[in-house]
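Engineer: Can you read through this structure? Questions will come right after.
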Amino acid sequence: MPLPRRLRRLAATLVATLAALLTVALLPVQAGAAEGRVSGGRLDWGIRQSFLTYVTGPIAKGSWALTGGAATVGGSTFRFHSATGAYDPATGALSAAFSGGVRFTGHQENGVDALDLSIGRLTFRAAAGGGAGLYADVSSKSKETGRVSSVSQAKLADLSLAGVDLRGAAGTLTLGNVPATLTDAGAKAFGNFYTAGTALDPVNLSVSLPAAQPTPAAPSPSAPAAAPTADRPSATPEQPTAAPASTPPSAAARAAPARTEFANGALDWGVRRTFRDYVTGAIAQGRWELAGGAADGGAFFRWTPAKGGYDPAAGTLTAAFSGSVRFTGVRSGDGYGLDLTLANPGVTVAGGRGRLVADVSGRTPDGGSQALTGVELAAFDPAGLTFEAGLLKAAELPLKLTEAGAKAFGTLYPAGTEMDPLSFAVALDPAAALPPLPDIGSAPPVAPGPAATTTASAAPVAASSSSGGVPAVAVAGGALVVALGATAAVLARRRRRATPADAA
């Protein structure tokens, strides 16, 4: 027999109430289990100090070179930057790939290096429930055949995370002094110079994780819940948002104008890698400080913004950048034997010659003191300047120290010394985008002990509560029992009232 309309409405209301209870109870669980993207951070690794000594020593007589924006820390540790990957806070599974690489060469015979090993795109991977490894793209030359082989994401090292729980982390996750041992694949990558199980230098890393997301509000009963924003397609560098067909390209994008004044730009320069290593190394035991908008790109410093003018017809350029980098070291009492500040650098091009200038102040290791404005530190050939996408750019131009530059560095280097290459870009089109700065994340991890540590929250996902709280799933189950029981009782009462006496 069909139920009366009023009874059907009552049953529908109870079902809707149950659905709302289940939605509210389960939303925190769903939000907590959502995976996040890793965006930014650094990995510091010395590989193995005896290997570096061997490469540059009297036997191999080799060297190493940095690629892809990799840097050095303290002279014997390599820093890889701009981490990207994924993290699951529910299980602690983490994958973070870092940019940059290093190439080792040595044992040169007849102009050919018998040792030729390249390591790049280092990736830290931690599996759910434990187990971690360090992977990399490896290109190496066999010492027996001389053939070069390349392997993508070979597992170089096993990492020990004993006692570390990566679950529930947010913000910055730091792992310091993580023990590493060579794998079989790693032994092959190093030309079997070392056997599997050999201890490698410990690994230090710091990655930026998404902030913990607040529990979303329950959807309104009168309207369907909107789809999560993260599930909607968005523009990416590989799939840019198309501009309206009627939008014409800017004048600067079509061709460099006759004369342009600009108000944006960036200058990237690492000064000199050996100088940075000297400052932070065992001798000077110093550091550097950034101010006025200068930024640390890992292998270089960035000064920005810029203002100036460019005249392609006359072949002249004047660009002044902002910010300062102060190097201190060789501490003596309350002062420093080295206290050198490079501020407000500028680039000029005229007469087919390029100059890098800067304000120089402070004390040099030779005891000199200076406060100079617009010192010509180094010279470069401006033939490498290019115009692209509204930017006048220079990419890694060779740079040589001048006489004035040698004096500014306290005769640490003679005139003519090759400094770190110079890169800069100025926006002739105000809408042009500057090259991105490598993302090295937050402050470097501190590793005082032999065990790995984490500065992020790592509470177990299913931690017990001393207040006797009941899990959300249990609450939802209880609501289901109560609602079903109430529905059954009401239906029974309604049915008894609506059924004739002789039908009992």
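Labels for the structure tokens follow display order: chains A, B, ..., residues from 1 in each chain, ligands from 1.
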Could you tell me, as an NGL selection string, which residues of segment 325-414 of chain A DSSP assigns to alpha helix (DSSP H) when given the backbone?
Structural biologist: :A and (403-408)
Engineer: Export all heavy atoms of the chosen residues as an mmCIF file, in the first residue's frame?
Structural biologist:
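The file below, out-v5.cif, is the result:
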data_model
loop_
_atom_site.group_PDB
_atom_site.id
_atom_site.type_symbol
_atom_site.label_atom_id
_atom_site.label_comp_id
_atom_site.auth_asym_id
_atom_site.auth_seq_id
_atom_site.Cartn_x
_atom_site.Cartn_y
_atom_site.Cartn_z
ATOM 1 N N GLU A 403 91.740 46.214 -12.789
ATOM 2 C CA GLU A 403 92.695 46.658 -11.778
ATOM 3 C C GLU A 403 91.970 47.211 -10.561
ATOM 4 O O GLU A 403 92.319 46.894 -9.415
ATOM 5 C CB GLU A 403 93.614 47.733 -12.376
ATOM 6 C CG GLU A 403 94.575 47.224 -13.431
ATOM 7 C CD GLU A 403 95.747 46.453 -12.824
ATOM 8 O OE1 GLU A 403 95.865 46.437 -11.575
ATOM 9 O OE2 GLU A 403 96.530 45.861 -13.592
ATOM 10 N N ALA A 404 90.942 48.031 -10.817
ATOM 11 C CA ALA A 404 90.183 48.588 -9.701
ATOM 12 C C ALA A 404 89.446 47.490 -8.945
ATOM 13 O O ALA A 404 89.315 47.548 -7.717
ATOM 14 C CB ALA A 404 89.199 49.647 -10.208
ATOM 15 N N GLY A 405 88.963 46.474 -9.669
ATOM 16 C CA GLY A 405 88.281 45.367 -9.016
ATOM 17 C C GLY A 405 89.221 44.562 -8.140
ATOM 18 O O GLY A 405 88.840 44.117 -7.053
ATOM 19 N N ALA A 406 90.454 44.375 -8.610
ATOM 20 C CA ALA A 406 91.439 43.643 -7.805
ATOM 21 C C ALA A 406 91.715 44.373 -6.498
ATOM 22 O O ALA A 406 91.827 43.750 -5.433
ATOM 23 C CB ALA A 406 92.725 43.467 -8.608
ATOM 24 N N LYS A 407 91.804 45.702 -6.530
ATOM 25 C CA LYS A 407 92.026 46.471 -5.307
ATOM 26 C C LYS A 407 90.816 46.373 -4.376
ATOM 27 O O LYS A 407 90.958 46.319 -3.156
ATOM 28 C CB LYS A 407 92.311 47.926 -5.659
ATOM 29 C CG LYS A 407 93.632 48.142 -6.395
ATOM 30 C CD LYS A 407 93.833 49.610 -6.725
ATOM 31 C CE LYS A 407 95.154 49.819 -7.473
ATOM 32 N NZ LYS A 407 95.360 51.255 -7.841
ATOM 33 N N ALA A 408 89.611 46.342 -4.968
ATOM 34 C CA ALA A 408 88.400 46.253 -4.153
ATOM 35 C C ALA A 408 88.356 44.955 -3.361
ATOM 36 O O ALA A 408 87.829 44.923 -2.244
ATOM 37 C CB ALA A 408 87.172 46.364 -5.046
#
Engineer: Among segment 137-189 of chain A, which ones does DSSP assign to strand (DSSP E) (computed from the backbone)? Answer as a list of chain:residue names.
Structural biologist: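 Here is the list: A:Asp137, A:Val138, A:Ser139, A:Ser140, A:Lys141, A:Val148, A:Ser149, A:Ser150, A:Val151, A:Ser152, A:Gln153, A:Ala154, A:Lys155, A:Leu156, A:Ala157, A:Asp158, A:Leu159, A:Thr172, A:Leu173, A:Thr174, A:Leu175, A:Gly176, A:Asn177, A:Val178, A:Pro179, A:Ala180, A:Thr181, A:Leu182.
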Engineer: Select, from A:Asp359, A:Asp366, A:Glu144, A:Asp311, the residue with the minimum atom-to-atom distance to Leu338 of chain A, counting only C-alpha atoms.
Structural biologist: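 Under the stated criterion, the closest residue is A:Asp366.
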Engineer: Can you check which parts of segment 32-71 of chain A lie within 12 Å of segment 103-125 of chain A? Per residue, the shortest pair of atoms and distance in Å to one decimal, counting only C-alpha atoms, sorted by chain and number, as a Markdown table.
Structural biologist:
| residue | atom | partner | partner_atom | distance |
| --- | --- | --- | --- | --- |
| A:Val38 | CA | A:Phe124 | CA | 11.6 |
| A:Gly41 | CA | A:Phe124 | CA | 11.7 |
| A:Arg42 | CA | A:Leu122 | CA | 10.4 |
| A:Leu43 | CA | A:Leu122 | CA | 8.4 |
| A:Asp44 | CA | A:Leu122 | CA | 10.4 |
| A:Trp45 | CA | A:Leu122 | CA | 10.0 |
| A:Ile47 | CA | A:Ile119 | CA | 10.2 |
| A:Phe51 | CA | A:Phe104 | CA | 9.9 |
| A:Leu52 | CA | A:Phe104 | CA | 8.7 |
| A:Thr53 | CA | A:Phe104 | CA | 11.5 |
| A:Tyr54 | CA | A:Gly106 | CA | 9.4 |
| A:Val55 | CA | A:Gly106 | CA | 6.3 |
| A:Thr56 | CA | A:Gly106 | CA | 7.8 |
| A:Gly57 | CA | A:Gly106 | CA | 9.5 |
| A:Pro58 | CA | A:His107 | CA | 9.8 |
| A:Ile59 | CA | A:His107 | CA | 7.4 |
| A:Ala60 | CA | A:His107 | CA | 4.6 |
| A:Lys61 | CA | A:Gly106 | CA | 5.7 |
| A:Gly62 | CA | A:Gly106 | CA | 3.7 |
| A:Ser63 | CA | A:Thr105 | CA | 5.6 |
| A:Trp64 | CA | A:Phe104 | CA | 4.4 |
| A:Ala65 | CA | A:Arg103 | CA | 5.3 |
| A:Leu66 | CA | A:Arg103 | CA | 6.5 |
| A:Thr67 | CA | A:Arg103 | CA | 7.6 |
| A:Gly68 | CA | A:Gly120 | CA | 8.5 |
| A:Gly69 | CA | A:Gly120 | CA | 10.9 |
| A:Ala70 | CA | A:Gly120 | CA | 9.3 |
Engineer: Can you list, as a count of residues only, every protein, DNA or RNA residue that comes within 10 Å of Leu342 of chain A when you count only C-alpha atoms, leaving out same-chain residues fewer than 2 positions away?
Structural biologist: 17
Engineer: Rounded to one decimal in Å, what is the spacing between atom CA of Asp268 of chain A and atom CA of Ser423 of chain A?
Structural biologist: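 Separation between atom CA of Asp268 of chain A and atom CA of Ser423 of chain A: 5.1 Å.
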